[in-house]
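Shown next, in structure tokens, is the structure this report addresses.
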Amino acid sequence: MPTLTLIEAVTLALDHEMGRDKEVVILGEDVGRNGGVFRATDGLQDKYGDQRVLDTPLAEAMIAGLSIGMATQGMKPVAEIQFMGFVFPALNQILGAAARMRNRTRGRLHLPMVVRMPYGGGIHAPEHHSESTEAIFAHTPGLRVVVPSNPSRAYGLLLAAIRDPDPVIFLEPKRIYRIVKHEIEDDGEAYPLDTCFVDRQGDDVTFVAWGAMMHETLLAAEMLAKEGVSAEVIDLATVAPYDVETIIESVEKTGRCVIVAEAVRTGGVASDIAAELAERCLLSLIAPVGRVTGYDTIMPYAKLEGRYLPSVDRIADEARKVMAFS
Amino acid sequence: MQKLASFEVNYLQYLDEGGKPANDLPDFADDHEVMVGLYRSMQLLRHLDARAVALQRVGRMRTYPASEGQEAVGVGASSCLSDRDVLVPYYRGTAMMLGHGVQPHEILLYWGGDERGSDYQNPLAKEDFPIAVPIATQMLHAAGVASAIKLRGQKDRAVLTEIGEGGTSEGEFYEALNVAGVWNLPMVCVINNNQWAISVPSEMQTAAQTYAQKAVAAGIEGLQVDGNDVIAVKDAVGKALDKARNGGGATLIEAVTYRLCDHTTADDASRYEDAKARAEAEKKEPLGRLAKYLLNLGAVNEKQLDEFAVAAKAEVEKEVKIYFDILENKPQPPSAMFDYLYAELPERFRAQRDEVMRRGGE
């Protein structure tokens, strides 16, 4: 069984699905001959040809718009936006057209398409390369927003995203592209969408995180275990529409919840989860719901980004705070 | 200094403003059945538009964009579509949609506020896009459909799309033309240059002498036609679609016409339009011009023209009845707002759907 990084698991899933389904095509900037700037599509053009792995002209709205047109013809485009910070020209297409197509044609046309993009900070990249703006997509019904937190999940969730009959925004946390490896069997088994994964069982406090923040959150849970605090850790995985039931079930057990997100604090997915908990399980809560998020500021450039990103210490401190509340 | 590139933009007109041939006519112009068919399609559209605007004035239609004065553009262009071609219309695309099998009551249903109007029932239109409301987004969808056709090696298939002259200022217009050129895509884009982007006149939209020349930088063919001359539109679009179906790539066709109506029912063109310019434009309108040509050709007589008008009105009334029947007797349940969001409604949204159903007609 091969031992793969998250980015290699992405490649493996793309390769598997292209081999299985001839309707799957990849398009984007530098995805063909160069294999993608992060090498997500490395070797795929050699294997499947330049009619299935398409190097496009440099225009993000065009990449999304072409994908929409192709998908209405029954193709399954997997588009790559080189960095999430460059997706904004494509929002007119993704939010304005892709999310709405099935609804506005009453099911006559639908869009089995995926838009992949690396996102998030922590690799000392140039400006505009480090933001976490998943809430923009999560705020748009008709889309799914899926974020893998480790190599196995990248493989299983990307397969599910490509097979899903509706548009999926697949956000790849680039900071953890290569920090851990998993043994992955290329068995073509997709993971379920719209479902959380409980990655660590615990009784005292529930952590909810996704993407790269799962890494720090699991480390914080280990640190807390040494202090006698038993933390449950939930990987949200599908950020929209997210599986609130699993979170509520956990919080009803632990009575405490800390949500960890790399995105800015205001108007984010973490805030939405906190609101759901306030509405649906207030009486199960022993302490106020805590949020550990990026700060409400412009994502700092390389020198200060470490101060912005939620750290293991910040996460553990918030858990200690909710533990001390009662 | 060395000259590296130069370009020319050709203008095509077959019928002058009086309906007289200004050039050697293409073969189809002598075909009575074809030409009468074009006339009747244009007439049906004019009646449909008038009825829709009247319905809006009495509260039985929402905001509606008419095509008065521009009928020859969409009717001429869509008459060239085959059942294998795909249409990607924009919001003032009624003429093209009717020409590719969309039913008049579907047009009314859509603009009456019911999404089912975009669920085209005619198999001819089953792969066609719903209208694009955001400006120029349809250009990239057309390029995407054309990419699928090309990648699959499908022969005898092409994509037709349409945009207003104002829409050609959008980035996505240029992005689509660019990829259509570099990928040699089987698509045809018709610019309905009706001189107005709501209140902004054409001379404030671009410094280019023509909109057709916007094709040049994309490396594709562009030409300008008299958009009030249905023969010119049909001839140019027909040739461009044939070229696209046979691997010859994309074409941009600017049809010069005039918007003889408000932008939509929510607009009042008298706020910004010079009455003299309108009066001047009315002299060039396409329906009267074509009638004169048909009379001269001996394809019809005055009595038949009157009969066609009566028949068009009757057809529109029949469609209005279907529209009313659907609205009054078969309304969408409130849950319809959730039922087509995804293939299957995610668990997360089910409680909201239940609430909408529970509250019913509140």
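Letters for chains follow the order of the structure tokens (A, B, ...), residue numbers begin at 1 for each chain, and ligand numbers begin at 1 in the order shown.
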
Spatial neighbours of A:Asp55, 8 Å, only C-alpha atoms, chain gap at least 5 places, as JSON, numbers by chain: {"A": [27, 28, 29, 30, 31, 32, 33, 50]}

Go ahead and write the residues just picked, N, CA, C and O atoms, as a CSV table (one decimal), in the first residue's frame.
```
chain,number,residue,atom,x,y,z
A,27,LEU,N,-9.1,20.9,-16.0
A,27,LEU,CA,-8.7,22.1,-16.7
A,27,LEU,C,-8.2,23.1,-15.6
A,27,LEU,O,-8.7,23.1,-14.5
A,28,GLY,N,-7.3,24.0,-16.1
A,28,GLY,CA,-6.8,25.0,-15.2
A,28,GLY,C,-5.5,25.6,-15.8
A,28,GLY,O,-5.0,25.2,-16.9
A,29,GLU,N,-4.9,26.5,-15.0
A,29,GLU,CA,-3.7,27.1,-15.4
A,29,GLU,C,-2.5,26.2,-15.0
A,29,GLU,O,-2.4,25.8,-13.8
A,30,ASP,N,-1.7,25.8,-15.9
A,30,ASP,CA,-0.4,25.1,-15.6
A,30,ASP,C,-0.7,23.6,-15.1
A,30,ASP,O,0.2,23.0,-14.6
A,31,VAL,N,-1.9,23.1,-15.3
A,31,VAL,CA,-2.2,21.8,-14.8
A,31,VAL,C,-1.7,20.7,-15.7
A,31,VAL,O,-1.6,19.5,-15.3
A,32,GLY,N,-1.4,21.0,-17.0
A,32,GLY,CA,-1.1,20.0,-18.0
A,32,GLY,C,0.4,19.7,-18.0
A,32,GLY,O,0.9,18.9,-17.2
A,33,ARG,N,1.1,20.4,-18.8
A,33,ARG,CA,2.6,20.1,-19.0
A,33,ARG,C,3.3,20.2,-17.7
A,33,ARG,O,4.2,19.4,-17.4
A,50,ASP,N,-3.7,15.5,-23.8
A,50,ASP,CA,-4.1,16.9,-23.6
A,50,ASP,C,-5.5,17.2,-24.0
A,50,ASP,O,-5.9,18.4,-23.9
```

Listing only residues of chain B within 6 Å of chain A, what is the closest atom pair and its distance in Å (to one decimal) for each, using only C-alpha atoms, sorted by chain and residue number ascending, as a tab-separated table?
```
residue	atom	partner	partner_atom	distance
B:Glu115	CA	A:Arg104	CA	5.6
B:Ser118	CA	A:Thr105	CA	5.0
B:Asp119	CA	A:Thr105	CA	4.9
B:Leu140	CA	A:Gly65	CA	4.8
B:His141	CA	A:Gly69	CA	4.3
B:Gly144	CA	A:Leu66	CA	3.7
B:Val145	CA	A:Gly69	CA	4.4
B:Ala148	CA	A:Met70	CA	5.2
B:Tyr340	CA	A:Asn103	CA	4.5
B:Leu341	CA	A:Asn103	CA	5.0
```

Residue among A:Leu95, A:Ala261, A:Val10, A:Met213 lying closest to A:Leu157, counting only C-alpha atoms: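 Nearest to A:Leu157: A:Val10.
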
Shell around B:Glu172 at 9 Å using only C-alpha atoms, local window under 2 positions removed, as a PyMOL selection string: (chain A and resi 59+61-62+65) or (chain B and resi 135-140+167-170+174-177)

How about saving the chosen residues, C-alpha atoms kept, as a tab-separated table (two decimals), in the first residue's frame?
```
chain	number	residue	atom	x	y	z
A	59	ALA	CA	-8.51	33.63	-16.75
A	61	ALA	CA	-13.80	33.30	-14.59
A	62	MET	CA	-13.20	31.53	-17.87
A	65	GLY	CA	-17.51	29.31	-16.96
B	135	ILE	CA	-24.26	40.35	-18.16
B	136	ALA	CA	-21.88	38.35	-20.39
B	137	THR	CA	-21.76	35.23	-18.22
B	138	GLN	CA	-23.42	33.30	-21.05
B	139	MET	CA	-20.39	33.85	-23.28
B	140	LEU	CA	-18.28	31.48	-21.18
B	167	GLY	CA	-22.22	43.34	-22.57
B	168	THR	CA	-19.17	43.46	-24.82
B	169	SER	CA	-17.55	45.77	-22.24
B	170	GLU	CA	-17.44	42.93	-19.71
B	174	TYR	CA	-13.27	39.00	-23.99
B	175	GLU	CA	-12.27	35.89	-22.04
B	176	ALA	CA	-14.77	33.84	-24.02
B	177	LEU	CA	-13.71	35.23	-27.39
```

Exercise: B:Ala5 partners within 12 Å, only C-alpha atoms, chain neighbours under 3 positions left out, as a ChimeraX atom specification: /B:2,8,216-217,219

Kindly export the residues of the current selection with all heavy atoms, as a short mmCIF file (atom, residue, chain, number, x, y, z; two decimals), in the first residue's frame.
```
data_model
loop_
_atom_site.label_atom_id
_atom_site.label_comp_id
_atom_site.auth_asym_id
_atom_site.auth_seq_id
_atom_site.Cartn_x
_atom_site.Cartn_y
_atom_site.Cartn_z
N GLN B 2 7.66 48.49 -39.01
CA GLN B 2 7.16 47.47 -39.91
C GLN B 2 5.72 47.15 -39.54
O GLN B 2 5.41 46.99 -38.37
CB GLN B 2 8.05 46.23 -39.70
CG GLN B 2 7.83 45.12 -40.65
CD GLN B 2 8.64 43.90 -40.22
OE1 GLN B 2 9.46 43.97 -39.29
NE2 GLN B 2 8.41 42.79 -40.88
N GLU B 8 -9.75 44.39 -41.43
CA GLU B 8 -10.87 45.08 -42.05
C GLU B 8 -12.15 44.50 -41.46
O GLU B 8 -12.17 43.35 -41.00
CB GLU B 8 -10.85 44.92 -43.57
CG GLU B 8 -10.85 43.48 -44.03
CD GLU B 8 -10.75 43.40 -45.56
OE1 GLU B 8 -10.18 44.33 -46.18
OE2 GLU B 8 -11.22 42.39 -46.11
N VAL B 216 -11.12 40.77 -33.54
CA VAL B 216 -9.79 40.76 -34.14
C VAL B 216 -8.72 40.34 -33.14
O VAL B 216 -7.88 39.48 -33.42
CB VAL B 216 -9.46 42.14 -34.74
CG1 VAL B 216 -8.01 42.18 -35.23
CG2 VAL B 216 -10.42 42.45 -35.89
N ALA B 217 -8.77 40.92 -31.94
CA ALA B 217 -7.74 40.62 -30.94
C ALA B 217 -7.81 39.17 -30.46
O ALA B 217 -6.84 38.64 -29.92
CB ALA B 217 -7.86 41.56 -29.74
N GLY B 219 -8.39 36.76 -32.53
CA GLY B 219 -7.98 35.92 -33.65
C GLY B 219 -9.12 35.18 -34.31
O GLY B 219 -8.93 34.12 -34.91
#
```

Surrounding residues of B:Met97 excluding itself and chain neighbours under 5 positions, 8 Å, only C-alpha atoms, as an mmCIF file with N, CA and C atoms, in the first residue's frame:
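Generated file (out-v1.cif):
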```cif
data_model
loop_
_atom_site.group_PDB
_atom_site.id
_atom_site.type_symbol
_atom_site.label_atom_id
_atom_site.label_comp_id
_atom_site.auth_asym_id
_atom_site.auth_seq_id
_atom_site.Cartn_x
_atom_site.Cartn_y
_atom_site.Cartn_z
ATOM 1 N N SER B 78 -31.637 32.404 -35.148
ATOM 2 C CA SER B 78 -32.057 31.097 -34.642
ATOM 3 C C SER B 78 -32.668 30.226 -35.740
ATOM 4 N N LEU B 87 -28.243 26.355 -27.907
ATOM 5 C CA LEU B 87 -28.443 27.802 -27.780
ATOM 6 C C LEU B 87 -28.136 28.231 -26.350
ATOM 7 N N PRO B 89 -28.736 31.561 -24.543
ATOM 8 C CA PRO B 89 -29.309 32.891 -24.732
ATOM 9 C C PRO B 89 -29.002 33.857 -23.583
ATOM 10 N N VAL B 102 -38.423 26.796 -27.682
ATOM 11 C CA VAL B 102 -39.016 27.188 -26.404
ATOM 12 C C VAL B 102 -40.433 27.705 -26.691
#
```

Spatial neighbours of A:Arg20, 12 Å, only C-alpha atoms, chain gap at least 6 places, as a VMD selection string: chain A and resid 13 to 14 48 159 162 to 163 186 to 188

Go ahead and write the residues just picked, C-alpha atoms, as an mmCIF file, in the first residue's frame.
```
data_model
loop_
_atom_site.group_PDB
_atom_site.id
_atom_site.type_symbol
_atom_site.label_atom_id
_atom_site.label_comp_id
_atom_site.auth_asym_id
_atom_site.auth_seq_id
_atom_site.Cartn_x
_atom_site.Cartn_y
_atom_site.Cartn_z
ATOM 1 C CA ALA A 13 -7.898 10.337 -6.572
ATOM 2 C CA LEU A 14 -7.793 12.344 -9.808
ATOM 3 C CA TYR A 48 -4.575 10.768 -20.290
ATOM 4 C CA LEU A 159 -13.582 10.896 -5.217
ATOM 5 C CA ILE A 162 -16.076 14.255 -8.484
ATOM 6 C CA ARG A 163 -18.906 11.715 -8.379
ATOM 7 C CA ASP A 186 -6.242 2.925 -4.342
ATOM 8 C CA ASP A 187 -9.536 1.104 -3.974
ATOM 9 C CA GLY A 188 -11.790 3.868 -5.342
#
```
